[in-house]
file protein_23.pdb (PDB, C-alpha atoms)
ATOM      1  CA  MET A   1      54.007 -23.611  55.195
ATOM      2  CA  GLU A   2      54.086 -26.892  57.056
ATOM      3  CA  GLN A   3      54.800 -29.887  54.821
ATOM      4  CA  ARG A   4      53.641 -33.453  55.508
ATOM      5  CA  VAL A   5      54.534 -36.731  53.817
ATOM      6  CA  LEU A   6      51.746 -37.805  51.474
ATOM      7  CA  GLY A   7      51.401 -41.409  52.535
ATOM      8  CA  ARG A   8      53.202 -44.003  50.482
ATOM      9  CA  THR A   9      54.349 -41.501  47.841
ATOM     10  CA  GLY A  10      57.167 -40.611  50.221
ATOM     11  CA  ARG A  11      56.930 -36.991  49.046
ATOM     12  CA  GLU A  12      56.057 -33.979  51.132
ATOM     13  CA  VAL A  13      53.154 -31.679  50.307
ATOM     14  CA  SER A  14      51.795 -28.539  51.922
ATOM     15  CA  VAL A  15      49.102 -28.965  54.567
ATOM     16  CA  VAL A  16      46.943 -26.619  52.510
ATOM     17  CA  GLY A  17      46.878 -27.586  48.853
ATOM     18  CA  LEU A  18      44.797 -26.264  45.992
ATOM     19  CA  GLY A  19      41.782 -27.997  44.513
ATOM     20  CA  THR A  20      41.339 -27.014  40.869
ATOM     21  CA  TRP A  21      37.881 -28.304  39.963
ATOM     22  CA  GLN A  22      36.677 -24.712  39.820
ATOM     23  CA  LEU A  23      39.379 -23.814  37.275
ATOM     24  CA  GLY A  24      37.904 -26.291  34.829
ATOM     25  CA  ALA A  25      34.141 -26.195  35.110
ATOM     26  CA  ASP A  26      31.020 -26.662  37.246
ATOM     27  CA  TRP A  27      31.561 -23.537  39.359
ATOM     28  CA  GLY A  28      30.764 -20.940  36.726
ATOM     29  CA  ASP A  29      33.202 -19.490  34.226
ATOM     30  CA  VAL A  30      36.797 -18.675  35.225
ATOM     31  CA  ARG A  31      38.978 -16.833  32.726
ATOM     32  CA  GLU A  32      42.328 -18.396  31.818
ATOM     33  CA  GLU A  33      44.363 -15.460  33.112
ATOM     34  CA  ASP A  34      42.476 -15.550  36.412
ATOM     35  CA  ALA A  35      43.061 -19.287  36.753
ATOM     36  CA  LEU A  36      46.808 -18.917  36.196
ATOM     37  CA  ALA A  37      46.906 -16.060  38.704
ATOM     38  CA  VAL A  38      45.242 -18.304  41.298
ATOM     39  CA  LEU A  39      47.870 -21.004  40.755
ATOM     40  CA  ASP A  40      50.653 -18.457  41.082
ATOM     41  CA  ALA A  41      49.199 -16.908  44.230
ATOM     42  CA  ALA A  42      48.869 -20.303  45.897
ATOM     43  CA  VAL A  43      52.487 -21.184  45.147
ATOM     44  CA  ALA A  44      53.642 -17.796  46.421
ATOM     45  CA  GLU A  45      51.957 -18.618  49.740
ATOM     46  CA  GLY A  46      53.763 -21.961  50.089
ATOM     47  CA  VAL A  47      51.320 -24.375  48.429
ATOM     48  CA  THR A  48      53.130 -27.357  46.903
ATOM     49  CA  PHE A  49      50.154 -29.592  46.071
ATOM     50  CA  PHE A  50      47.609 -29.244  43.248
ATOM     51  CA  ASP A  51      44.660 -31.606  42.879
ATOM     52  CA  THR A  52      42.900 -31.932  39.522
ATOM     53  CA  ALA A  53      41.094 -34.477  37.321
ATOM     54  CA  ASP A  54      40.855 -35.356  33.652
ATOM     55  CA  VAL A  55      37.162 -34.396  33.580
ATOM     56  CA  TYR A  56      37.468 -30.940  35.126
ATOM     57  CA  GLY A  57      36.466 -28.838  32.163
ATOM     58  CA  ASP A  58      37.139 -31.876  29.949
ATOM     59  CA  GLY A  59      40.847 -31.484  30.653
ATOM     60  CA  ARG A  60      40.997 -27.673  30.907
ATOM     61  CA  SER A  61      42.112 -27.770  34.545
ATOM     62  CA  GLU A  62      44.970 -30.174  33.738
ATOM     63  CA  GLN A  63      45.987 -28.063  30.733
ATOM     64  CA  LEU A  64      46.117 -24.868  32.787
ATOM     65  CA  ILE A  65      48.263 -26.564  35.406
ATOM     66  CA  GLY A  66      50.498 -27.953  32.665
ATOM     67  CA  ARG A  67      50.941 -24.490  31.196
ATOM     68  CA  TYR A  68      51.754 -23.031  34.607
ATOM     69  CA  LEU A  69      54.306 -25.719  35.453
ATOM     70  CA  ALA A  70      55.969 -25.313  32.052
ATOM     71  CA  GLU A  71      56.540 -21.678  32.974
ATOM     72  CA  ARG A  72      57.542 -22.550  36.562
ATOM     73  CA  PRO A  73      59.466 -25.855  36.392
ATOM     74  CA  ASP A  74      61.179 -25.018  39.683
ATOM     75  CA  ALA A  75      57.928 -24.611  41.642
ATOM     76  CA  GLY A  76      58.233 -28.032  43.291
ATOM     77  CA  ILE A  77      54.564 -28.917  42.895
ATOM     78  CA  LEU A  78      53.182 -32.427  43.316
ATOM     79  CA  VAL A  79      50.188 -32.762  40.997
ATOM     80  CA  ALA A  80      47.526 -35.343  41.762
ATOM     81  CA  THR A  81      45.045 -36.002  38.990
ATOM     82  CA  LYS A  82      42.152 -38.429  38.717
ATOM     83  CA  MET A  83      40.798 -40.845  36.137
ATOM     84  CA  GLY A  84      37.743 -42.974  35.555
ATOM     85  CA  ARG A  85      34.863 -40.585  34.958
ATOM     86  CA  ARG A  86      35.258 -40.276  31.201
ATOM     87  CA  GLN A  87      33.216 -43.411  30.515
ATOM     88  CA  ALA A  88      30.119 -45.077  31.904
ATOM     89  CA  GLN A  89      30.482 -45.865  35.589
ATOM     90  CA  VAL A  90      30.584 -49.651  35.404
ATOM     91  CA  PRO A  91      33.387 -51.844  36.792
ATOM     92  CA  GLU A  92      34.034 -53.306  33.338
ATOM     93  CA  ASN A  93      35.543 -50.000  32.196
ATOM     94  CA  TYR A  94      38.268 -50.076  34.847
ATOM     95  CA  VAL A  95      40.796 -52.061  32.824
ATOM     96  CA  LEU A  96      44.436 -51.582  31.850
ATOM     97  CA  ASP A  97      43.815 -50.472  28.258
ATOM     98  CA  ASN A  98      41.501 -47.706  29.408
ATOM     99  CA  PHE A  99      43.909 -46.725  32.160
ATOM    100  CA  ARG A 100      46.695 -46.323  29.610
ATOM    101  CA  ALA A 101      44.513 -44.226  27.317
ATOM    102  CA  TRP A 102      43.324 -41.995  30.144
ATOM    103  CA  ASN A 103      46.891 -41.628  31.426
ATOM    104  CA  ASP A 104      48.194 -40.725  27.982
ATOM    105  CA  ARG A 105      45.661 -37.911  27.765
ATOM    106  CA  SER A 106      46.494 -36.587  31.246
ATOM    107  CA  ARG A 107      50.211 -36.736  30.561
ATOM    108  CA  ARG A 108      49.695 -34.672  27.398
ATOM    109  CA  ASN A 109      47.498 -32.188  29.229
ATOM    110  CA  LEU A 110      50.010 -31.774  32.045
ATOM    111  CA  GLY A 111      53.072 -31.931  29.805
ATOM    112  CA  VAL A 112      54.855 -34.666  31.748
ATOM    113  CA  ASP A 113      56.167 -38.158  31.047
ATOM    114  CA  THR A 114      55.238 -39.531  34.470
ATOM    115  CA  LEU A 115      52.216 -38.451  36.475
ATOM    116  CA  ASP A 116      53.029 -37.793  40.146
ATOM    117  CA  LEU A 117      49.874 -39.343  41.536
ATOM    118  CA  VAL A 118      46.790 -40.774  39.826
ATOM    119  CA  GLN A 119      43.600 -41.336  41.790
ATOM    120  CA  LEU A 120      40.657 -43.492  40.787
ATOM    121  CA  HIS A 121      37.877 -40.918  40.609
ATOM    122  CA  CYS A 122      35.114 -42.193  42.884
ATOM    123  CA  PRO A 123      34.618 -45.424  40.918
ATOM    124  CA  PRO A 124      31.838 -47.981  41.441
ATOM    125  CA  THR A 125      32.171 -49.652  44.839
ATOM    126  CA  ALA A 126      33.027 -53.041  43.314
ATOM    127  CA  VAL A 127      36.226 -51.591  41.822
ATOM    128  CA  TYR A 128      37.863 -51.323  45.240
ATOM    129  CA  SER A 129      37.641 -55.095  45.703
ATOM    130  CA  SER A 130      39.030 -55.999  42.277
ATOM    131  CA  ASP A 131      42.516 -57.502  42.266
ATOM    132  CA  ALA A 132      42.686 -56.953  38.504
ATOM    133  CA  VAL A 133      42.187 -53.197  38.926
ATOM    134  CA  PHE A 134      45.040 -52.861  41.379
ATOM    135  CA  ASP A 135      47.252 -55.160  39.303
ATOM    136  CA  ALA A 136      46.633 -52.781  36.394
ATOM    137  CA  LEU A 137      47.593 -49.811  38.554
ATOM    138  CA  ASP A 138      50.785 -51.601  39.574
ATOM    139  CA  THR A 139      51.503 -52.096  35.865
ATOM    140  CA  LEU A 140      51.210 -48.350  35.251
ATOM    141  CA  VAL A 141      53.796 -47.755  37.961
ATOM    142  CA  ALA A 142      56.089 -50.408  36.445
ATOM    143  CA  GLU A 143      55.711 -48.726  33.041
ATOM    144  CA  GLN A 144      56.634 -45.380  34.659
ATOM    145  CA  ARG A 145      53.426 -43.786  33.421
ATOM    146  CA  ILE A 146      52.623 -42.917  37.019
ATOM    147  CA  ALA A 147      54.801 -42.600  40.113
ATOM    148  CA  ALA A 148      52.044 -43.662  42.516
ATOM    149  CA  TYR A 149      48.318 -44.330  42.664
ATOM    150  CA  ALA A 150      45.515 -43.538  45.052
ATOM    151  CA  VAL A 151      41.737 -43.358  45.297
ATOM    152  CA  SER A 152      39.099 -40.705  45.740
ATOM    153  CA  VAL A 153      36.101 -42.162  47.556
ATOM    154  CA  GLU A 154      32.508 -41.354  48.448
ATOM    155  CA  THR A 155      32.074 -43.596  51.509
ATOM    156  CA  CYS A 156      34.052 -44.608  54.563
ATOM    157  CA  GLU A 157      33.649 -48.267  53.645
ATOM    158  CA  GLU A 158      35.283 -47.654  50.260
ATOM    159  CA  ALA A 159      38.116 -45.822  51.981
ATOM    160  CA  LEU A 160      38.790 -48.688  54.386
ATOM    161  CA  THR A 161      38.841 -51.215  51.524
ATOM    162  CA  ALA A 162      41.344 -49.079  49.619
ATOM    163  CA  ILE A 163      43.558 -48.507  52.650
ATOM    164  CA  ALA A 164      43.961 -52.280  52.982
ATOM    165  CA  ARG A 165      45.552 -52.403  49.503
ATOM    166  CA  PRO A 166      49.368 -52.315  49.881
ATOM    167  CA  GLY A 167      49.889 -50.066  46.859
ATOM    168  CA  THR A 168      47.414 -47.344  47.792
ATOM    169  CA  ALA A 169      49.406 -44.190  48.482
ATOM    170  CA  SER A 170      46.566 -41.997  49.700
ATOM    171  CA  VAL A 171      42.815 -41.650  50.033
ATOM    172  CA  GLN A 172      40.857 -38.544  49.157
ATOM    173  CA  ILE A 173      37.649 -38.172  51.115
ATOM    174  CA  ILE A 174      35.096 -35.501  52.026
ATOM    175  CA  LEU A 175      35.999 -34.137  55.447
ATOM    176  CA  ASN A 176      34.856 -30.907  57.072
ATOM    177  CA  PRO A 177      32.953 -29.743  60.172
ATOM    178  CA  PHE A 178      29.741 -30.908  58.470
ATOM    179  CA  ARG A 179      31.158 -34.373  57.641
ATOM    180  CA  LEU A 180      32.758 -36.013  60.674
ATOM    181  CA  LYS A 181      32.210 -39.692  60.013
ATOM    182  CA  PRO A 182      35.731 -40.270  58.578
ATOM    183  CA  LEU A 183      37.148 -39.426  62.004
ATOM    184  CA  GLU A 184      35.744 -42.644  63.468
ATOM    185  CA  ALA A 185      37.607 -45.304  61.496
ATOM    186  CA  VAL A 186      39.097 -43.984  58.252
ATOM    187  CA  LEU A 187      41.645 -41.534  59.613
ATOM    188  CA  PRO A 188      42.940 -43.916  62.314
ATOM    189  CA  ALA A 189      43.238 -46.769  59.775
ATOM    190  CA  ALA A 190      45.065 -44.569  57.278
ATOM    191  CA  GLU A 191      47.471 -43.276  59.896
ATOM    192  CA  LYS A 192      48.258 -46.806  61.065
ATOM    193  CA  ALA A 193      48.839 -48.023  57.496
ATOM    194  CA  GLY A 194      50.934 -45.041  56.427
ATOM    195  CA  VAL A 195      48.331 -43.950  53.867
ATOM    196  CA  GLY A 196      47.884 -40.231  53.237
ATOM    197  CA  ILE A 197      44.546 -38.471  53.674
ATOM    198  CA  ILE A 198      43.540 -35.691  51.295
ATOM    199  CA  ALA A 199      40.504 -33.794  52.599
ATOM    200  CA  ARG A 200      38.214 -32.501  49.870
ATOM    201  CA  VAL A 201      35.045 -30.357  49.911
ATOM    202  CA  PRO A 202      36.539 -28.728  53.016
ATOM    203  CA  LEU A 203      34.163 -25.761  52.995
ATOM    204  CA  ALA A 204      31.042 -27.772  52.144
ATOM    205  CA  SER A 205      30.918 -26.135  48.678
ATOM    206  CA  GLY A 206      31.188 -22.727  50.282
ATOM    207  CA  LEU A 207      28.582 -23.109  53.004
ATOM    208  CA  LEU A 208      31.245 -22.899  55.713
ATOM    209  CA  THR A 209      32.397 -19.508  54.464
ATOM    210  CA  GLY A 210      29.219 -18.057  55.958
ATOM    211  CA  LYS A 211      28.715 -15.899  52.852
ATOM    212  CA  TYR A 212      25.581 -17.511  51.406
ATOM    213  CA  THR A 213      21.945 -16.752  52.138
ATOM    214  CA  LYS A 214      18.584 -18.044  50.985
ATOM    215  CA  ASP A 215      18.697 -15.373  48.303
ATOM    216  CA  THR A 216      22.069 -16.432  46.855
ATOM    217  CA  VAL A 217      21.757 -17.341  43.162
ATOM    218  CA  PHE A 218      24.229 -19.798  41.636
ATOM    219  CA  ALA A 219      24.896 -19.848  37.907
ATOM    220  CA  ALA A 220      23.169 -22.428  35.730
ATOM    221  CA  ASP A 221      26.516 -24.187  35.101
ATOM    222  CA  ASP A 222      27.391 -24.272  38.825
ATOM    223  CA  HIS A 223      26.907 -27.687  40.462
ATOM    224  CA  ARG A 224      25.511 -25.925  43.528
ATOM    225  CA  ASN A 225      22.551 -25.153  41.310
ATOM    226  CA  TYR A 226      22.055 -28.371  39.340
ATOM    227  CA  ASN A 227      23.303 -31.116  41.687
ATOM    228  CA  ARG A 228      21.755 -30.332  45.057
ATOM    229  CA  HIS A 229      19.986 -33.679  45.147
ATOM    230  CA  GLY A 230      22.563 -35.743  43.265
ATOM    231  CA  GLU A 231      21.035 -35.237  39.825
ATOM    232  CA  SER A 232      24.388 -35.380  38.005
ATOM    233  CA  PHE A 233      26.839 -37.015  40.445
ATOM    234  CA  ASP A 234      27.058 -37.986  44.104
ATOM    235  CA  GLN A 235      25.048 -35.634  46.289
ATOM    236  CA  GLY A 236      27.855 -35.522  48.830
ATOM    237  CA  GLU A 237      29.979 -33.455  46.452
ATOM    238  CA  THR A 238      27.512 -30.560  46.699
ATOM    239  CA  PHE A 239      27.207 -28.871  50.100
ATOM    240  CA  SER A 240      28.567 -32.142  51.578
ATOM    241  CA  GLY A 241      25.122 -33.635  50.998
ATOM    242  CA  VAL A 242      23.520 -31.290  53.513
ATOM    243  CA  ASP A 243      20.164 -29.759  52.662
ATOM    244  CA  TYR A 244      20.839 -26.149  51.704
ATOM    245  CA  ASP A 245      18.499 -24.542  54.225
ATOM    246  CA  THR A 246      19.800 -26.741  57.041
ATOM    247  CA  GLY A 247      23.344 -25.965  55.967
ATOM    248  CA  LEU A 248      22.718 -22.222  56.047
ATOM    249  CA  GLU A 249      21.473 -22.372  59.616
ATOM    250  CA  ALA A 250      24.395 -24.558  60.732
ATOM    251  CA  ALA A 251      26.868 -22.350  58.879
ATOM    252  CA  GLY A 252      25.602 -19.335  60.789
ATOM    253  CA  GLU A 253      26.311 -21.101  64.061
ATOM    254  CA  PHE A 254      29.720 -22.257  62.839
ATOM    255  CA  ALA A 255      30.685 -18.716  61.837
ATOM    256  CA  ALA A 256      30.281 -17.663  65.463
ATOM    257  CA  LEU A 257      33.137 -20.023  66.380
ATOM    258  CA  ALA A 258      35.694 -18.053  64.343
ATOM    259  CA  THR A 259      37.956 -16.025  66.619
ATOM    260  CA  GLY A 260      41.221 -14.133  66.586
ATOM    261  CA  GLY A 261      40.555 -12.428  63.267
ATOM    262  CA  ALA A 262      40.156 -15.707  61.366
ATOM    263  CA  THR A 263      37.319 -16.049  58.881
ATOM    264  CA  PRO A 264      34.829 -18.914  59.138
ATOM    265  CA  ALA A 265      36.492 -20.515  56.086
ATOM    266  CA  GLN A 266      39.928 -20.338  57.680
ATOM    267  CA  THR A 267      38.515 -21.787  60.892
ATOM    268  CA  ALA A 268      37.079 -24.736  58.958
ATOM    269  CA  LEU A 269      40.406 -25.341  57.228
ATOM    270  CA  ARG A 270      42.298 -25.084  60.528
ATOM    271  CA  TRP A 271      39.898 -27.645  62.034
ATOM    272  CA  ILE A 272      40.716 -30.094  59.227
ATOM    273  CA  ILE A 273      44.473 -29.517  59.362
ATOM    274  CA  GLN A 274      44.677 -30.513  63.000
ATOM    275  CA  GLN A 275      42.736 -33.765  62.689
ATOM    276  CA  PRO A 276      45.167 -36.660  63.310
ATOM    277  CA  GLY A 277      45.921 -38.471  60.077
ATOM    278  CA  VAL A 278      45.173 -35.624  57.664
ATOM    279  CA  THR A 279      47.964 -34.894  55.198
ATOM    280  CA  SER A 280      46.545 -32.020  53.171
ATOM    281  CA  VAL A 281      43.295 -30.132  52.687
ATOM    282  CA  ILE A 282      42.461 -28.937  49.171
ATOM    283  CA  PRO A 283      40.130 -25.922  49.110
ATOM    284  CA  GLY A 284      39.394 -24.433  45.737
ATOM    285  CA  ALA A 285      39.837 -20.769  44.881
ATOM    286  CA  ARG A 286      38.444 -18.625  42.097
ATOM    287  CA  SER A 287      40.471 -15.528  42.935
ATOM    288  CA  VAL A 288      43.924 -14.575  44.128
ATOM    289  CA  GLU A 289      42.425 -13.283  47.356
ATOM    290  CA  GLN A 290      40.741 -16.610  48.083
ATOM    291  CA  ALA A 291      43.941 -18.534  47.373
ATOM    292  CA  ARG A 292      45.897 -16.341  49.786
ATOM    293  CA  ALA A 293      43.263 -16.519  52.500
ATOM    294  CA  ASN A 294      43.036 -20.300  52.267
ATOM    295  CA  ALA A 295      46.801 -20.705  52.522
ATOM    296  CA  ALA A 296      46.888 -18.414  55.546
ATOM    297  CA  ALA A 297      44.815 -20.953  57.491
ATOM    298  CA  ALA A 298      47.950 -23.084  57.800
ATOM    299  CA  GLY A 299      49.536 -20.410  59.972
ATOM    300  CA  LEU A 300      46.680 -20.089  62.446
ATOM    301  CA  PRO A 301      47.135 -21.423  65.988
ATOM    302  CA  PRO A 302      45.396 -24.736  66.730
ATOM    303  CA  LEU A 303      41.762 -24.469  67.671
ATOM    304  CA  THR A 304      41.044 -24.774  71.369
ATOM    305  CA  ASP A 305      39.409 -27.809  72.943
ATOM    306  CA  ALA A 306      36.330 -25.686  73.573
ATOM    307  CA  THR A 307      36.049 -24.871  69.866
ATOM    308  CA  LEU A 308      36.577 -28.502  68.887
ATOM    309  CA  ASP A 309      33.824 -29.528  71.299
ATOM    310  CA  ALA A 310      31.534 -26.863  69.848
ATOM    311  CA  VAL A 311      32.112 -28.189  66.311
ATOM    312  CA  ARG A 312      31.214 -31.693  67.453
ATOM    313  CA  ASP A 313      28.084 -30.452  69.208
ATOM    314  CA  LEU A 314      27.002 -28.510  66.118
ATOM    315  CA  TYR A 315      27.448 -31.591  63.963
ATOM    316  CA  ASP A 316      25.592 -33.858  66.398
ATOM    317  CA  THR A 317      22.629 -31.535  66.781
ATOM    318  CA  ARG A 318      22.297 -30.083  63.274
ATOM    319  CA  ILE A 319      23.918 -32.354  60.703
ATOM    320  CA  LYS A 320      24.468 -35.931  61.846
ATOM    321  CA  ALA A 321      20.908 -37.198  61.481
ATOM    322  CA  GLN A 322      20.808 -36.017  57.879
ATOM    323  CA  VAL A 323      24.117 -37.279  56.482
ATOM    324  CA  HIS A 324      25.858 -39.706  58.845
ATOM    325  CA  GLY A 325      24.022 -42.842  57.837
ATOM    326  CA  ARG A 326      24.087 -42.061  54.118
ATOM    327  CA  TRP A 327      27.893 -41.865  53.968
TER
END
call {"tool": "encode", "arguments": {"input": "protein_23.pdb", "output": "structure tokens"}}
result
Amino acid sequence: MEQRVLGRTGREVSVVGLGTWQLGADWGDVREEDALAVLDAAVAEGVTFFDTADVYGDGRSEQLIGRYLAERPDAGILVATKMGRRQAQVPENYVLDNFRAWNDRSRRNLGVDTLDLVQLHCPPTAVYSSDAVFDALDTLVAEQRIAAYAVSVETCEEALTAIARPGTASVQIILNPFRLKPLEAVLPAAEKAGVGIIARVPLASGLLTGKYTKDTVFAADDHRNYNRHGESFDQGETFSGVDYDTGLEAAGEFAALATGGATPAQTALRWIIQQPGVTSVIPGARSVEQARANAAAAGLPPLTDATLDAVRDLYDTRIKAQVHGRW
């Protein structure tokens, strides 16, 4: 699989990584043996980048990755985790003592002395402008608790503020055919600054697979059930903030753009991979088959100009008015 340098980390990662939120919680139950099989299948297909967080299953996702890497120390995986969502979301909690405590927990979960990459987990907007926060992150690097730091953001404005920080290695942001706003300023700014871009929610929480209908029922512990309007966390994390019925209609049109034997999901991933400035896209997978299919998107030929134009037209006519201004 193609490898790209992840911004200021200086390390290469696969263009298709693996998001592991679903291995912890909020997507329905996943058995431990199934989760480990997903990790193994992804690595077998050339994935060298796992993304997790300390709150995914209250640490379960990190622990599963730690167990897998202990069994496969030669796998060559860069693990990016996140911190900041374990306490109330106020800027006052983003201080060095808390960072150290959160890092200690993640290092235990993952079984490592130094974390490869730690991302602030969609913190309050004011955090991005705090010199003290980034001084504290620099201290963690100096103490060799972390090798590099980054941010996961909700808005383009937050991304641009973080990119301007000289120590920011990468920015994780929602990017998919239903969320095009980052293409305008964020990706060009990141590319110019040498900051990596990690694209999350690449399938709009599954909408872009084309598999859901109005009759689809999501489990009670699935965020696609309980967070459709931002009841528990940012609405953009669920279906990319698109109203479900609108998303279903747009997803049907997007599915028609898949050609050459590719699935709609693979077409969406291929679209992200070829956006200038993107380092890696991190779809989740709940089964071995999903992990393999996602990885296979890296080997697809680039989408044609006609397909790219059709994606833009679909966004402009179906999605833009609903989400563009909000994020």
call {"tool": "residues_around", "arguments": {"input": "protein_23.pdb", "residues": "Tyr212 in chain A", "least_positions_apart": "3", "cutoff": "10 Å", "atoms": "all atoms listed in the file", "output": "ChimeraX atom specification"}}
result
/A:206-209,215-217,244,247-248,251-252
call {"tool": "residues_near_point", "arguments": {"input": "protein_23.pdb", "point": "(39.2, -57.2, 44.9)", "cutoff": "12 Å", "atoms": "only C-alpha atoms", "output": "PyMOL selection string"}}
result
chain A and resi 91+125-135+158+161-162+164-165
call {"tool": "residues_around", "arguments": {"input": "protein_23.pdb", "residues": "Leu6 in chain A", "least_positions_apart": "5", "cutoff": "7 Å", "atoms": "all atoms listed in the file", "output": "list of chain:residue names"}}
result
A:Arg11, A:Glu12, A:Val13, A:Ser170, A:Gly196, A:Thr279
call {"tool": "atom_distance", "arguments": {"input": "protein_23.pdb", "atom1": "CA of Leu120 in chain A", "atom2": "CA of Asp58 in chain A"}}
result
16.3 Å
call {"tool": "residues_around", "arguments": {"input": "protein_23.pdb", "residues": "range 256-266 of chain A", "least_positions_apart": "3", "cutoff": "9 Å", "atoms": "only C-alpha atoms", "output": "list in words"}}
result
Pro202, Leu203, Gly206, Leu207, Leu208, Thr209, Gly210, Ala251, Gly252, Glu253, Leu269, Arg270, Trp271, Ala293, Asn294, Ala295, Ala296, Ala297, Ala298, Leu300, Thr307, Ala310 and Val311 of chain A
call {"tool": "axis_aligned_box", "arguments": {"input": "protein_23.pdb", "around": "range 193-207 of chain A", "padding_each_side": "6 Å", "output": "lines of an AutoDock Vina configuration file"}}
result
center_x = 39.8
center_y = -35.4
center_z = 53.1
size_x = 34.4
size_y = 37.3
size_z = 20.8
call {"tool": "atom_distance", "arguments": {"input": "protein_23.pdb", "atom1": "CA of Ala306 in chain A", "atom2": "CA of Ser205 in chain A"}}
result
25.5 Å
call {"tool": "residues_near_point", "arguments": {"input": "protein_23.pdb", "point": "(44.6, -44.6, 47.9)", "cutoff": "12 Å", "atoms": "all atoms listed in the file", "output": "number ranges by chain"}}
result
A: 6-9, 80, 82, 117-122, 128, 134, 137, 148-153, 158-173, 186, 190, 193-198
call {"tool": "closest_residue", "arguments": {"input": "protein_23.pdb", "among": "A:Glu184, A:Asp305, A:Glu289, A:Glu154", "to": "Phe233 in chain A", "atoms": "only C-alpha atoms"}}
result
A:Glu154
call {"tool": "atom_distance", "arguments": {"input": "protein_23.pdb", "atom1": "CA of Glu45 in chain A", "atom2": "CA of Pro283 in chain A"}}
result
13.9 Å
call {"tool": "closest_residue", "arguments": {"input": "protein_23.pdb", "among": "A:Ser240, A:Gln3, A:Thr81, A:Thr155", "to": "Thr48 in chain A", "atoms": "all atoms listed in the file"}}
result
A:Gln3
call {"tool": "closest_residue", "arguments": {"input": "protein_23.pdb", "among": "A:Ile272, A:Leu314, A:Ile282, A:Ala220", "to": "Leu187 in chain A", "atoms": "only C-alpha atoms"}}
result
A:Ile272
call {"tool": "resolve_selection", "arguments": {"input": "protein_23.pdb", "expression": "the PyMOL selection byres ((chain A and resi 318) around 9)", "output": "number ranges by chain"}}
result
A: 178, 246-247, 249-250, 313-317, 319-322
call {"tool": "residues_around", "arguments": {"input": "protein_23.pdb", "residues": "Pro188 in chain A", "least_positions_apart": "6", "cutoff": "9 Å", "atoms": "only C-alpha atoms", "output": "PyMOL selection string"}}
result
chain A and resi 182+276-277
call {"tool": "residues_around", "arguments": {"input": "protein_23.pdb", "residues": "Ala136 in chain A", "least_positions_apart": "2", "cutoff": "10 Å", "atoms": "only C-alpha atoms", "output": "list in words"}}
result
Tyr94, Val95, Leu96, Asp97, Phe99, Arg100, Asp131, Ala132, Val133, Phe134, Asp138, Thr139, Leu140, Val141 and Ala142 of chain A
call {"tool": "closest_residue", "arguments": {"input": "protein_23.pdb", "among": "A:Leu78, A:Ala185, A:Ala88, A:Leu39", "to": "Ser61 in chain A", "atoms": "all atoms listed in the file"}}
result
A:Leu39
